[in-house]
Structure formats: C-alpha cells, structure tokens
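Undergrad: I am sharing model19.cif, which consists of mmCIF, N, CA and C atoms:
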```cif
data_target
loop_
_atom_site.label_atom_id
_atom_site.label_comp_id
_atom_site.auth_asym_id
_atom_site.auth_seq_id
_atom_site.Cartn_x
_atom_site.Cartn_y
_atom_site.Cartn_z
N MET A 890 -0.39 -158.52 -95.82
CA MET A 890 -1.67 -157.85 -96.03
C MET A 890 -1.44 -156.34 -96.00
N GLU A 891 -1.92 -155.68 -97.02
CA GLU A 891 -1.76 -154.23 -97.12
C GLU A 891 -3.02 -153.53 -96.63
N ILE A 892 -2.86 -152.52 -95.78
CA ILE A 892 -3.99 -151.77 -95.23
C ILE A 892 -4.19 -150.50 -96.03
N ASP A 893 -5.43 -150.27 -96.43
CA ASP A 893 -5.78 -149.05 -97.16
C ASP A 893 -5.50 -147.86 -96.25
N PRO A 894 -4.68 -146.90 -96.70
CA PRO A 894 -4.34 -145.73 -95.85
C PRO A 894 -5.58 -144.97 -95.37
N GLY A 895 -6.61 -144.89 -96.20
CA GLY A 895 -7.84 -144.20 -95.80
C GLY A 895 -8.52 -144.89 -94.63
N ARG A 896 -8.53 -146.21 -94.67
CA ARG A 896 -9.15 -146.98 -93.57
C ARG A 896 -8.31 -146.88 -92.30
N ALA A 897 -7.02 -146.90 -92.45
CA ALA A 897 -6.14 -146.78 -91.29
C ALA A 897 -6.35 -145.42 -90.62
N GLU A 898 -6.47 -144.38 -91.43
CA GLU A 898 -6.70 -143.03 -90.89
C GLU A 898 -8.06 -142.96 -90.19
N PHE A 899 -9.07 -143.58 -90.79
CA PHE A 899 -10.41 -143.61 -90.18
C PHE A 899 -10.36 -144.33 -88.83
N GLY A 900 -9.65 -145.45 -88.78
CA GLY A 900 -9.51 -146.19 -87.53
C GLY A 900 -8.81 -145.37 -86.46
N ALA A 901 -7.80 -144.63 -86.86
CA ALA A 901 -7.09 -143.76 -85.91
C ALA A 901 -8.01 -142.66 -85.39
N GLN A 902 -8.86 -142.12 -86.25
CA GLN A 902 -9.80 -141.08 -85.84
C GLN A 902 -10.81 -141.63 -84.83
N ILE A 903 -11.30 -142.83 -85.09
CA ILE A 903 -12.26 -143.46 -84.17
C ILE A 903 -11.61 -143.68 -82.81
N LEU A 904 -10.39 -144.18 -82.81
CA LEU A 904 -9.67 -144.40 -81.55
C LEU A 904 -9.47 -143.10 -80.79
N GLU A 905 -9.11 -142.04 -81.51
CA GLU A 905 -8.91 -140.73 -80.88
C GLU A 905 -10.21 -140.24 -80.24
N GLU A 906 -11.33 -140.37 -80.96
CA GLU A 906 -12.62 -139.93 -80.42
C GLU A 906 -13.03 -140.79 -79.22
N ALA A 907 -12.79 -142.09 -79.29
CA ALA A 907 -13.12 -142.98 -78.18
C ALA A 907 -12.31 -142.63 -76.94
N GLU A 908 -11.05 -142.28 -77.12
CA GLU A 908 -10.21 -141.89 -75.99
C GLU A 908 -10.75 -140.64 -75.31
N LYS A 909 -11.29 -139.71 -76.10
CA LYS A 909 -11.88 -138.50 -75.52
C LYS A 909 -13.12 -138.83 -74.68
N LEU A 910 -13.81 -139.90 -75.06
CA LEU A 910 -15.05 -140.30 -74.37
C LEU A 910 -14.83 -141.36 -73.31
N ARG A 911 -13.59 -141.74 -73.08
CA ARG A 911 -13.29 -142.87 -72.20
C ARG A 911 -14.03 -142.80 -70.86
N SER A 912 -13.94 -141.70 -70.15
CA SER A 912 -14.57 -141.63 -68.82
C SER A 912 -16.09 -141.71 -68.93
N ASP A 913 -16.67 -141.07 -69.95
CA ASP A 913 -18.12 -141.16 -70.15
C ASP A 913 -18.52 -142.60 -70.47
N LEU A 914 -17.78 -143.25 -71.36
CA LEU A 914 -18.10 -144.64 -71.73
C LEU A 914 -18.02 -145.56 -70.52
N GLN A 915 -17.01 -145.38 -69.68
CA GLN A 915 -16.89 -146.20 -68.47
C GLN A 915 -18.05 -145.96 -67.53
N GLU A 916 -18.42 -144.70 -67.37
CA GLU A 916 -19.54 -144.36 -66.49
C GLU A 916 -20.84 -144.97 -67.01
N TRP A 917 -21.09 -144.85 -68.33
CA TRP A 917 -22.31 -145.41 -68.92
C TRP A 917 -22.36 -146.92 -68.74
N ARG A 918 -21.23 -147.59 -68.98
CA ARG A 918 -21.19 -149.04 -68.84
C ARG A 918 -21.50 -149.46 -67.41
N ARG A 919 -20.86 -148.82 -66.45
CA ARG A 919 -21.11 -149.15 -65.04
C ARG A 919 -22.56 -148.90 -64.67
N ASP A 920 -23.10 -147.77 -65.12
CA ASP A 920 -24.48 -147.41 -64.82
C ASP A 920 -25.44 -148.44 -65.42
N LEU A 921 -25.25 -148.80 -66.68
CA LEU A 921 -26.15 -149.75 -67.33
C LEU A 921 -26.10 -151.13 -66.68
N HIS A 922 -24.92 -151.53 -66.22
CA HIS A 922 -24.80 -152.85 -65.61
C HIS A 922 -25.39 -152.93 -64.20
N GLN A 923 -25.73 -151.80 -63.61
CA GLN A 923 -26.36 -151.80 -62.29
C GLN A 923 -27.82 -152.24 -62.35
N PHE A 924 -28.43 -152.09 -63.52
CA PHE A 924 -29.85 -152.38 -63.67
C PHE A 924 -30.08 -153.33 -64.86
N PRO A 925 -29.63 -154.58 -64.76
CA PRO A 925 -29.82 -155.50 -65.88
C PRO A 925 -31.31 -155.79 -66.09
N GLU A 926 -31.72 -155.78 -67.36
CA GLU A 926 -33.13 -156.02 -67.69
C GLU A 926 -33.21 -157.11 -68.76
N LEU A 927 -34.18 -157.99 -68.61
CA LEU A 927 -34.37 -159.07 -69.56
C LEU A 927 -34.98 -158.55 -70.86
N ALA A 928 -34.97 -159.40 -71.87
CA ALA A 928 -35.46 -159.03 -73.21
C ALA A 928 -36.88 -158.47 -73.15
N PHE A 929 -37.11 -157.40 -73.89
CA PHE A 929 -38.39 -156.71 -74.02
C PHE A 929 -38.82 -155.99 -72.75
N GLU A 930 -37.93 -155.93 -71.75
CA GLU A 930 -38.21 -155.23 -70.50
C GLU A 930 -37.15 -154.18 -70.20
N GLU A 931 -36.40 -153.74 -71.22
CA GLU A 931 -35.25 -152.85 -71.02
C GLU A 931 -35.65 -151.38 -70.96
N HIS A 932 -36.63 -151.06 -70.14
CA HIS A 932 -37.16 -149.70 -70.08
C HIS A 932 -36.15 -148.70 -69.49
N ILE A 933 -35.48 -149.08 -68.42
CA ILE A 933 -34.47 -148.20 -67.82
C ILE A 933 -33.31 -148.01 -68.79
N THR A 934 -32.84 -149.11 -69.36
CA THR A 934 -31.73 -149.06 -70.30
C THR A 934 -32.07 -148.19 -71.50
N ALA A 935 -33.25 -148.40 -72.08
CA ALA A 935 -33.67 -147.62 -73.26
C ALA A 935 -33.77 -146.13 -72.93
N SER A 936 -34.28 -145.80 -71.75
CA SER A 936 -34.40 -144.38 -71.39
C SER A 936 -33.03 -143.74 -71.20
N LYS A 937 -32.06 -144.49 -70.67
CA LYS A 937 -30.70 -143.96 -70.50
C LYS A 937 -30.04 -143.74 -71.86
N ILE A 938 -30.22 -144.68 -72.76
CA ILE A 938 -29.66 -144.53 -74.11
C ILE A 938 -30.30 -143.34 -74.81
N MET A 939 -31.61 -143.19 -74.67
CA MET A 939 -32.30 -142.04 -75.28
C MET A 939 -31.74 -140.73 -74.75
N ARG A 940 -31.50 -140.65 -73.45
CA ARG A 940 -30.98 -139.43 -72.84
C ARG A 940 -29.63 -139.04 -73.45
N VAL A 941 -28.75 -140.02 -73.64
CA VAL A 941 -27.45 -139.75 -74.23
C VAL A 941 -27.60 -139.31 -75.69
N LEU A 942 -28.42 -140.02 -76.45
CA LEU A 942 -28.60 -139.67 -77.87
C LEU A 942 -29.23 -138.30 -78.03
N GLU A 943 -30.23 -137.99 -77.21
CA GLU A 943 -30.90 -136.69 -77.30
C GLU A 943 -29.97 -135.54 -76.94
N SER A 944 -28.97 -135.80 -76.13
CA SER A 944 -28.04 -134.74 -75.73
C SER A 944 -26.85 -134.61 -76.69
N THR A 945 -26.83 -135.43 -77.72
CA THR A 945 -25.74 -135.43 -78.69
C THR A 945 -26.11 -134.59 -79.90
N ASP A 946 -25.33 -133.54 -80.17
CA ASP A 946 -25.60 -132.67 -81.32
C ASP A 946 -25.60 -133.47 -82.62
N GLY A 947 -26.56 -133.16 -83.48
CA GLY A 947 -26.62 -133.78 -84.79
C GLY A 947 -27.26 -135.16 -84.81
N VAL A 948 -27.78 -135.62 -83.66
CA VAL A 948 -28.41 -136.94 -83.60
C VAL A 948 -29.89 -136.78 -83.27
N ASP A 949 -30.72 -137.40 -84.10
CA ASP A 949 -32.15 -137.49 -83.80
C ASP A 949 -32.38 -138.86 -83.18
N ALA A 950 -33.08 -138.91 -82.05
CA ALA A 950 -33.32 -140.16 -81.35
C ALA A 950 -34.79 -140.52 -81.42
N VAL A 951 -35.06 -141.80 -81.64
CA VAL A 951 -36.42 -142.30 -81.72
C VAL A 951 -36.50 -143.53 -80.82
N GLN A 952 -37.55 -143.59 -80.02
CA GLN A 952 -37.76 -144.78 -79.19
C GLN A 952 -39.11 -145.39 -79.54
N GLY A 953 -39.18 -146.71 -79.52
CA GLY A 953 -40.44 -147.40 -79.74
C GLY A 953 -40.70 -147.81 -81.18
N PHE A 954 -39.69 -147.80 -82.00
CA PHE A 954 -39.84 -148.26 -83.39
C PHE A 954 -39.94 -149.77 -83.38
N ALA A 955 -41.07 -150.31 -83.78
CA ALA A 955 -41.34 -151.75 -83.82
C ALA A 955 -41.55 -152.36 -82.44
N MET A 956 -40.78 -151.92 -81.44
CA MET A 956 -40.94 -152.43 -80.08
C MET A 956 -40.76 -151.26 -79.11
N GLU A 957 -41.40 -151.35 -77.98
CA GLU A 957 -41.38 -150.25 -77.01
C GLU A 957 -39.98 -149.88 -76.55
N THR A 958 -39.10 -150.86 -76.43
CA THR A 958 -37.76 -150.59 -75.91
C THR A 958 -36.70 -150.40 -76.99
N CYS A 959 -37.11 -150.39 -78.25
CA CYS A 959 -36.18 -150.16 -79.36
C CYS A 959 -35.76 -148.69 -79.37
N VAL A 960 -34.47 -148.43 -79.54
CA VAL A 960 -33.93 -147.07 -79.60
C VAL A 960 -33.11 -146.94 -80.88
N ILE A 961 -33.36 -145.86 -81.62
CA ILE A 961 -32.61 -145.60 -82.85
C ILE A 961 -32.07 -144.18 -82.80
N GLY A 962 -30.79 -144.03 -83.11
CA GLY A 962 -30.17 -142.72 -83.24
C GLY A 962 -29.79 -142.51 -84.69
N VAL A 963 -30.23 -141.40 -85.26
CA VAL A 963 -29.94 -141.09 -86.66
C VAL A 963 -29.07 -139.84 -86.71
N ILE A 964 -27.91 -139.95 -87.35
CA ILE A 964 -27.02 -138.81 -87.51
C ILE A 964 -27.49 -138.02 -88.71
N ARG A 965 -27.72 -136.74 -88.51
CA ARG A 965 -28.22 -135.87 -89.58
C ARG A 965 -27.10 -135.07 -90.20
N GLY A 966 -27.29 -134.68 -91.45
CA GLY A 966 -26.32 -133.83 -92.13
C GLY A 966 -25.46 -134.60 -93.11
N ASP A 967 -24.68 -133.86 -93.85
CA ASP A 967 -23.76 -134.47 -94.80
C ASP A 967 -22.54 -135.00 -94.07
N ILE A 968 -22.16 -136.20 -94.41
CA ILE A 968 -21.00 -136.82 -93.79
C ILE A 968 -20.02 -137.16 -94.90
N GLU A 969 -18.84 -136.59 -94.82
CA GLU A 969 -17.81 -136.92 -95.79
C GLU A 969 -17.09 -138.18 -95.33
N GLY A 970 -16.80 -139.04 -96.26
CA GLY A 970 -16.01 -140.22 -95.93
C GLY A 970 -16.84 -141.32 -95.32
N PRO A 971 -16.17 -142.26 -94.69
CA PRO A 971 -16.84 -143.45 -94.15
C PRO A 971 -17.67 -143.14 -92.92
N ALA A 972 -18.61 -144.03 -92.64
CA ALA A 972 -19.46 -143.91 -91.45
C ALA A 972 -19.61 -145.31 -90.84
N ILE A 973 -20.09 -145.36 -89.64
CA ILE A 973 -20.27 -146.62 -88.93
C ILE A 973 -21.73 -146.77 -88.54
N VAL A 974 -22.24 -147.98 -88.69
CA VAL A 974 -23.58 -148.32 -88.21
C VAL A 974 -23.38 -149.30 -87.06
N LEU A 975 -24.07 -149.07 -85.97
CA LEU A 975 -23.93 -149.92 -84.80
C LEU A 975 -25.30 -150.46 -84.42
N ARG A 976 -25.38 -151.76 -84.29
CA ARG A 976 -26.60 -152.41 -83.81
C ARG A 976 -26.20 -153.28 -82.64
N THR A 977 -26.95 -153.20 -81.57
CA THR A 977 -26.59 -153.98 -80.40
C THR A 977 -27.83 -154.43 -79.64
N CYS A 978 -27.70 -155.50 -78.95
CA CYS A 978 -28.75 -155.97 -78.03
C CYS A 978 -28.47 -155.33 -76.68
N ILE A 979 -29.52 -154.97 -75.98
CA ILE A 979 -29.33 -154.29 -74.70
C ILE A 979 -29.91 -155.09 -73.53
N ASP A 980 -30.36 -156.32 -73.79
CA ASP A 980 -30.95 -157.12 -72.73
C ASP A 980 -29.90 -157.91 -71.98
N ALA A 981 -30.24 -158.20 -70.74
CA ALA A 981 -29.35 -159.00 -69.88
C ALA A 981 -29.72 -160.47 -70.03
N LEU A 982 -28.79 -161.32 -69.67
CA LEU A 982 -29.07 -162.76 -69.65
C LEU A 982 -29.70 -163.11 -68.32
N GLY A 983 -30.65 -164.00 -68.34
CA GLY A 983 -31.35 -164.40 -67.12
C GLY A 983 -30.60 -165.46 -66.35
N ILE A 984 -29.36 -165.11 -65.94
CA ILE A 984 -28.54 -166.05 -65.17
C ILE A 984 -28.04 -165.36 -63.92
N GLU A 985 -27.67 -166.16 -62.94
CA GLU A 985 -27.11 -165.62 -61.70
C GLU A 985 -25.60 -165.76 -61.77
N GLU A 986 -24.88 -164.63 -61.68
CA GLU A 986 -23.41 -164.67 -61.72
C GLU A 986 -22.87 -165.11 -60.37
N GLU A 987 -21.76 -165.83 -60.41
CA GLU A 987 -21.15 -166.31 -59.18
C GLU A 987 -19.86 -165.54 -58.86
N THR A 988 -19.63 -164.42 -59.54
CA THR A 988 -18.42 -163.64 -59.28
C THR A 988 -18.72 -162.46 -58.39
#
```
Kindly return the structure encoded in the file as structure tokens.
TA:
Amino acid sequence: MEIDPGRAEFGAQILEEAEKLRSDLQEWRRDLHQFPELAFEEHITASKIMRVLESTDGVDAVQGFAMETCVIGVIRGDIEGPAIVLRTCIDALGIEEET
C-alpha cells in the first residue's frame, strides 16, 4: 500500500501539534472525567469545552445549537490544504465502574 506523501506530511503535522498540547490534553481529559454527566445533562462538560474553544485564536464557539448542551467550534479564515472535522459525544454511560 502506497501512502500519499501529502497525507503523510499532514499526519506528521497533526502528531507534532498534538505533542505540543499533550499536557493540556491530559489535564482536560482528567478534568472532564471527574464530572461524568448523562445524555442531555452535560452542562459542566459543555461549559468547559466552550471555555477552551473561546480561548483558542481563530475559533468561534457556539453553544445551544439544536440542544442546550451542543457545542460547535468553527475555525475562521482561509485554510490551505487539508482540514479535520471532529464530532464526538460528550455524555457518560449510566453504569457503575468496578475499577
């Protein structure tokens, strides 16, 4: 299987940027997991995501689109080359962990 050099370079750039954010990403993950919220009740989670998006240059953040806890971040400006769209669920499962 041959990998497109442009895609390989893009993947390397993403990895490099993720490495720069490693400590922030770990902190956010730990923080979010302290307050698990069930579906349609993710008010704390949504507010934390909004805070991060609002503090990110070039990103417009919107909360409450279609649902009160929905959060959307829109990157503004011209973007050369490939881009990534990320969609994720932010609700916790209603189970009791035994670990």
Undergrad: As a ChimeraX atom specification, which residues of chain A does DSSP assign to helix (DSSP H, G or I)?
TA: /A:894-909,911-923,932-943
Undergrad: Check the smallest atom-to-atom distance from each of A:Ser912, A:Thr958, A:Thr945, A:Gln902 to A:Glu926 using only C-alpha atoms, then report the winner.
TA: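 Of A:Ser912, A:Thr958, A:Thr945, A:Gln902, the one nearest A:Glu926 is A:Thr958, counting only C-alpha atoms.
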Undergrad: What's the 6.5 Å shell around stretch 959-963 of chain A, counting all atoms listed in the file, without same-chain residues fewer than 6 positions away, as JSON, numbers by chain?
TA: {"A": [935, 942, 947, 948, 949, 950, 951, 952, 953]}
Undergrad: At a cut-off of 12 Å from (-29.1, -153.8, -63.9) in the coordinates of the file, what residues are picked up using only C-alpha atoms, written as an MDAnalysis selection string?
TA: chainID A and resid 917:927 930:934 937 979:983
Undergrad: For each of A:Arg965, A:Arg896, A:Lys909, A:Arg976, take the minimum atom-to-atom distance to A:Asp946, counting all atoms listed in the file, then give the residue where this is smallest.
TA: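 Answer, going by the shortest atom-to-atom distance: A:Arg965.
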Undergrad: Can you list, as a list in words, the residues that the PyMOL selection byres (((chain A and resi 971 and name CA) around 10) and name CA) selects here?
TA: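 With the PyMOL selection byres (((chain A and resi 971 and name CA) around 10) and name CA) on this model, the match is Gly895, Arg896, Phe899, Ile968, Glu969, Gly970, Ala972 and Ile973 of chain A.
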Undergrad: How many Å separate atom C of A:Ile938 from atom N of A:Asp967?
TA: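 The value is 22.0 Å.
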Undergrad: Could you work out how far atom CA of A:Asp913 lies from atom CA of A:Glu986, giving the answer in Å with one decimal?
TA: 25.5 Å
Undergrad: Check chain A with DSSP on the backbone and list each residue it calls strand (DSSP E), as an NGL selection string.
TA: :A and (948-952 or 960-964)
Undergrad: State, in Å with one decimal place, the distance from atom CA of A:Glu906 to atom CA of A:Gly966.
TA: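 Distance between the two atoms: 19.0 Å.
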Undergrad: Quick one: 4 Å padding each side, axis-aligned, all listed atoms of stretch 901-918 of chain A - centre and edge lengths in Å to one decimal, as lines of an AutoDock Vina configuration file?
TA:
```
center_x = -14.7
center_y = -144.0
center_z = -76.7
size_x = 23.3
size_y = 19.0
size_z = 28.4
```
Undergrad: Emit a file covering stretch 913-927 of chain A of the preceding structure with all heavy atoms, as a PDB file, in the first residue's frame.
TA:
```
ATOM      1  N   ASP A 913      -1.849  19.711  28.202  1.00  0.00           N
ATOM      2  CA  ASP A 913      -3.197  20.296  28.231  1.00  0.00           C
ATOM      3  C   ASP A 913      -4.251  19.225  27.978  1.00  0.00           C
ATOM      4  O   ASP A 913      -5.274  19.167  28.676  1.00  0.00           O
ATOM      5  CB  ASP A 913      -3.350  21.396  27.174  1.00  0.00           C
ATOM      6  CG  ASP A 913      -2.621  22.668  27.534  1.00  0.00           C
ATOM      7  OD1 ASP A 913      -2.355  22.897  28.736  1.00  0.00           O
ATOM      8  OD2 ASP A 913      -2.323  23.446  26.617  1.00  0.00           O
ATOM      9  N   LEU A 914      -4.027  18.373  26.978  1.00  0.00           N
ATOM     10  CA  LEU A 914      -4.988  17.315  26.655  1.00  0.00           C
ATOM     11  C   LEU A 914      -5.175  16.363  27.832  1.00  0.00           C
ATOM     12  O   LEU A 914      -6.301  15.971  28.151  1.00  0.00           O
ATOM     13  CB  LEU A 914      -4.529  16.542  25.415  1.00  0.00           C
ATOM     14  CG  LEU A 914      -4.539  17.328  24.100  1.00  0.00           C
ATOM     15  CD1 LEU A 914      -3.839  16.526  23.008  1.00  0.00           C
ATOM     16  CD2 LEU A 914      -5.948  17.693  23.693  1.00  0.00           C
ATOM     17  N   GLN A 915      -4.087  16.010  28.504  1.00  0.00           N
ATOM     18  CA  GLN A 915      -4.182  15.128  29.673  1.00  0.00           C
ATOM     19  C   GLN A 915      -4.966  15.794  30.794  1.00  0.00           C
ATOM     20  O   GLN A 915      -5.812  15.166  31.441  1.00  0.00           O
ATOM     21  CB  GLN A 915      -2.793  14.738  30.157  1.00  0.00           C
ATOM     22  CG  GLN A 915      -2.091  13.761  29.255  1.00  0.00           C
ATOM     23  CD  GLN A 915      -0.653  13.487  29.678  1.00  0.00           C
ATOM     24  OE1 GLN A 915      -0.017  14.307  30.332  1.00  0.00           O
ATOM     25  NE2 GLN A 915      -0.144  12.331  29.281  1.00  0.00           N
ATOM     26  N   GLU A 916      -4.692  17.076  31.009  1.00  0.00           N
ATOM     27  CA  GLU A 916      -5.399  17.812  32.060  1.00  0.00           C
ATOM     28  C   GLU A 916      -6.892  17.898  31.751  1.00  0.00           C
ATOM     29  O   GLU A 916      -7.734  17.689  32.626  1.00  0.00           O
ATOM     30  CB  GLU A 916      -4.806  19.220  32.191  1.00  0.00           C
ATOM     31  CG  GLU A 916      -5.444  20.050  33.275  1.00  0.00           C
ATOM     32  CD  GLU A 916      -4.837  21.447  33.354  1.00  0.00           C
ATOM     33  OE1 GLU A 916      -3.651  21.614  33.043  1.00  0.00           O
ATOM     34  OE2 GLU A 916      -5.590  22.368  33.719  1.00  0.00           O
ATOM     35  N   TRP A 917      -7.239  18.214  30.493  1.00  0.00           N
ATOM     36  CA  TRP A 917      -8.651  18.312  30.103  1.00  0.00           C
ATOM     37  C   TRP A 917      -9.353  16.973  30.282  1.00  0.00           C
ATOM     38  O   TRP A 917     -10.464  16.912  30.794  1.00  0.00           O
ATOM     39  CB  TRP A 917      -8.789  18.771  28.658  1.00  0.00           C
ATOM     40  CG  TRP A 917      -8.269  20.150  28.392  1.00  0.00           C
ATOM     41  CD1 TRP A 917      -8.133  21.176  29.294  1.00  0.00           C
ATOM     42  CD2 TRP A 917      -7.799  20.665  27.147  1.00  0.00           C
ATOM     43  NE1 TRP A 917      -7.605  22.276  28.679  1.00  0.00           N
ATOM     44  CE2 TRP A 917      -7.394  21.998  27.365  1.00  0.00           C
ATOM     45  CE3 TRP A 917      -7.675  20.135  25.875  1.00  0.00           C
ATOM     46  CZ2 TRP A 917      -6.892  22.800  26.344  1.00  0.00           C
ATOM     47  CZ3 TRP A 917      -7.178  20.932  24.862  1.00  0.00           C
ATOM     48  CH2 TRP A 917      -6.795  22.251  25.099  1.00  0.00           C
ATOM     49  N   ARG A 918      -8.700  15.893  29.862  1.00  0.00           N
ATOM     50  CA  ARG A 918      -9.311  14.567  29.983  1.00  0.00           C
ATOM     51  C   ARG A 918      -9.571  14.230  31.447  1.00  0.00           C
ATOM     52  O   ARG A 918     -10.659  13.790  31.819  1.00  0.00           O
ATOM     53  CB  ARG A 918      -8.414  13.501  29.357  1.00  0.00           C
ATOM     54  CG  ARG A 918      -9.020  12.113  29.420  1.00  0.00           C
ATOM     55  CD  ARG A 918      -8.044  11.056  28.912  1.00  0.00           C
ATOM     56  NE  ARG A 918      -8.631   9.742  28.946  1.00  0.00           N
ATOM     57  CZ  ARG A 918      -8.800   9.011  30.039  1.00  0.00           C
ATOM     58  NH1 ARG A 918      -8.432   9.478  31.213  1.00  0.00           N
ATOM     59  NH2 ARG A 918      -9.345   7.824  29.974  1.00  0.00           N
ATOM     60  N   ARG A 919      -8.585  14.441  32.290  1.00  0.00           N
ATOM     61  CA  ARG A 919      -8.757  14.146  33.720  1.00  0.00           C
ATOM     62  C   ARG A 919      -9.866  15.001  34.324  1.00  0.00           C
ATOM     63  O   ARG A 919     -10.682  14.521  35.114  1.00  0.00           O
ATOM     64  CB  ARG A 919      -7.442  14.367  34.460  1.00  0.00           C
ATOM     65  CG  ARG A 919      -6.407  13.311  34.142  1.00  0.00           C
ATOM     66  CD  ARG A 919      -5.099  13.543  34.874  1.00  0.00           C
ATOM     67  NE  ARG A 919      -4.130  12.536  34.481  1.00  0.00           N
ATOM     68  CZ  ARG A 919      -2.885  12.809  34.134  1.00  0.00           C
ATOM     69  NH1 ARG A 919      -2.426  14.048  34.183  1.00  0.00           N
ATOM     70  NH2 ARG A 919      -2.072  11.840  33.775  1.00  0.00           N
ATOM     71  N   ASP A 920      -9.884  16.277  33.968  1.00  0.00           N
ATOM     72  CA  ASP A 920     -10.896  17.197  34.482  1.00  0.00           C
ATOM     73  C   ASP A 920     -12.292  16.764  34.048  1.00  0.00           C
ATOM     74  O   ASP A 920     -13.212  16.703  34.862  1.00  0.00           O
ATOM     75  CB  ASP A 920     -10.588  18.617  34.004  1.00  0.00           C
ATOM     76  CG  ASP A 920     -11.488  19.654  34.636  1.00  0.00           C
ATOM     77  OD1 ASP A 920     -11.799  19.541  35.842  1.00  0.00           O
ATOM     78  OD2 ASP A 920     -11.904  20.586  33.915  1.00  0.00           O
ATOM     79  N   LEU A 921     -12.463  16.449  32.770  1.00  0.00           N
ATOM     80  CA  LEU A 921     -13.781  16.057  32.261  1.00  0.00           C
ATOM     81  C   LEU A 921     -14.272  14.760  32.891  1.00  0.00           C
ATOM     82  O   LEU A 921     -15.472  14.603  33.146  1.00  0.00           O
ATOM     83  CB  LEU A 921     -13.743  15.926  30.735  1.00  0.00           C
ATOM     84  CG  LEU A 921     -13.585  17.231  29.965  1.00  0.00           C
ATOM     85  CD1 LEU A 921     -13.361  16.957  28.489  1.00  0.00           C
ATOM     86  CD2 LEU A 921     -14.787  18.145  30.174  1.00  0.00           C
ATOM     87  N   HIS A 922     -13.363  13.838  33.162  1.00  0.00           N
ATOM     88  CA  HIS A 922     -13.774  12.562  33.737  1.00  0.00           C
ATOM     89  C   HIS A 922     -14.123  12.650  35.223  1.00  0.00           C
ATOM     90  O   HIS A 922     -14.690  11.716  35.781  1.00  0.00           O
ATOM     91  CB  HIS A 922     -12.697  11.494  33.491  1.00  0.00           C
ATOM     92  CG  HIS A 922     -12.744  10.955  32.110  1.00  0.00           C
ATOM     93  ND1 HIS A 922     -12.122  11.566  31.052  1.00  0.00           N
ATOM     94  CD2 HIS A 922     -13.365   9.866  31.589  1.00  0.00           C
ATOM     95  CE1 HIS A 922     -12.346  10.883  29.954  1.00  0.00           C
ATOM     96  NE2 HIS A 922     -13.104   9.848  30.245  1.00  0.00           N
ATOM     97  N   GLN A 923     -13.830  13.766  35.862  1.00  0.00           N
ATOM     98  CA  GLN A 923     -14.194  13.945  37.272  1.00  0.00           C
ATOM     99  C   GLN A 923     -15.683  14.220  37.440  1.00  0.00           C
ATOM    100  O   GLN A 923     -16.241  14.014  38.512  1.00  0.00           O
ATOM    101  CB  GLN A 923     -13.396  15.086  37.894  1.00  0.00           C
ATOM    102  CG  GLN A 923     -11.950  14.748  38.128  1.00  0.00           C
ATOM    103  CD  GLN A 923     -11.209  15.906  38.774  1.00  0.00           C
ATOM    104  OE1 GLN A 923     -11.805  16.811  39.355  1.00  0.00           O
ATOM    105  NE2 GLN A 923      -9.903  15.879  38.670  1.00  0.00           N
ATOM    106  N   PHE A 924     -16.320  14.719  36.382  1.00  0.00           N
ATOM    107  CA  PHE A 924     -17.723  15.109  36.458  1.00  0.00           C
ATOM    108  C   PHE A 924     -18.521  14.464  35.317  1.00  0.00           C
ATOM    109  O   PHE A 924     -18.992  15.155  34.411  1.00  0.00           O
ATOM    110  CB  PHE A 924     -17.869  16.631  36.385  1.00  0.00           C
ATOM    111  CG  PHE A 924     -17.119  17.352  37.461  1.00  0.00           C
ATOM    112  CD1 PHE A 924     -15.876  17.894  37.211  1.00  0.00           C
ATOM    113  CD2 PHE A 924     -17.645  17.458  38.742  1.00  0.00           C
ATOM    114  CE1 PHE A 924     -15.163  18.549  38.202  1.00  0.00           C
ATOM    115  CE2 PHE A 924     -16.934  18.102  39.742  1.00  0.00           C
ATOM    116  CZ  PHE A 924     -15.694  18.653  39.469  1.00  0.00           C
ATOM    117  N   PRO A 925     -18.686  13.138  35.340  1.00  0.00           N
ATOM    118  CA  PRO A 925     -19.427  12.485  34.266  1.00  0.00           C
ATOM    119  C   PRO A 925     -20.895  12.919  34.290  1.00  0.00           C
ATOM    120  O   PRO A 925     -21.501  13.023  35.364  1.00  0.00           O
ATOM    121  CB  PRO A 925     -19.279  10.998  34.581  1.00  0.00           C
ATOM    122  CG  PRO A 925     -18.973  10.931  36.035  1.00  0.00           C
ATOM    123  CD  PRO A 925     -18.248  12.196  36.364  1.00  0.00           C
ATOM    124  N   GLU A 926     -21.436  13.210  33.107  1.00  0.00           N
ATOM    125  CA  GLU A 926     -22.827  13.657  33.003  1.00  0.00           C
ATOM    126  C   GLU A 926     -23.548  12.808  31.954  1.00  0.00           C
ATOM    127  O   GLU A 926     -22.993  12.520  30.905  1.00  0.00           O
ATOM    128  CB  GLU A 926     -22.874  15.133  32.597  1.00  0.00           C
ATOM    129  CG  GLU A 926     -22.215  16.041  33.619  1.00  0.00           C
ATOM    130  CD  GLU A 926     -22.060  17.461  33.111  1.00  0.00           C
ATOM    131  OE1 GLU A 926     -21.285  17.669  32.169  1.00  0.00           O
ATOM    132  OE2 GLU A 926     -22.743  18.332  33.665  1.00  0.00           O
ATOM    133  N   LEU A 927     -24.779  12.450  32.256  1.00  0.00           N
ATOM    134  CA  LEU A 927     -25.574  11.643  31.338  1.00  0.00           C
ATOM    135  C   LEU A 927     -26.056  12.476  30.155  1.00  0.00           C
ATOM    136  O   LEU A 927     -25.977  13.708  30.174  1.00  0.00           O
ATOM    137  CB  LEU A 927     -26.764  11.034  32.079  1.00  0.00           C
ATOM    138  CG  LEU A 927     -26.401  10.089  33.231  1.00  0.00           C
ATOM    139  CD1 LEU A 927     -27.662   9.609  33.951  1.00  0.00           C
ATOM    140  CD2 LEU A 927     -25.581   8.914  32.738  1.00  0.00           C
TER     141      LEU A 927
END
```
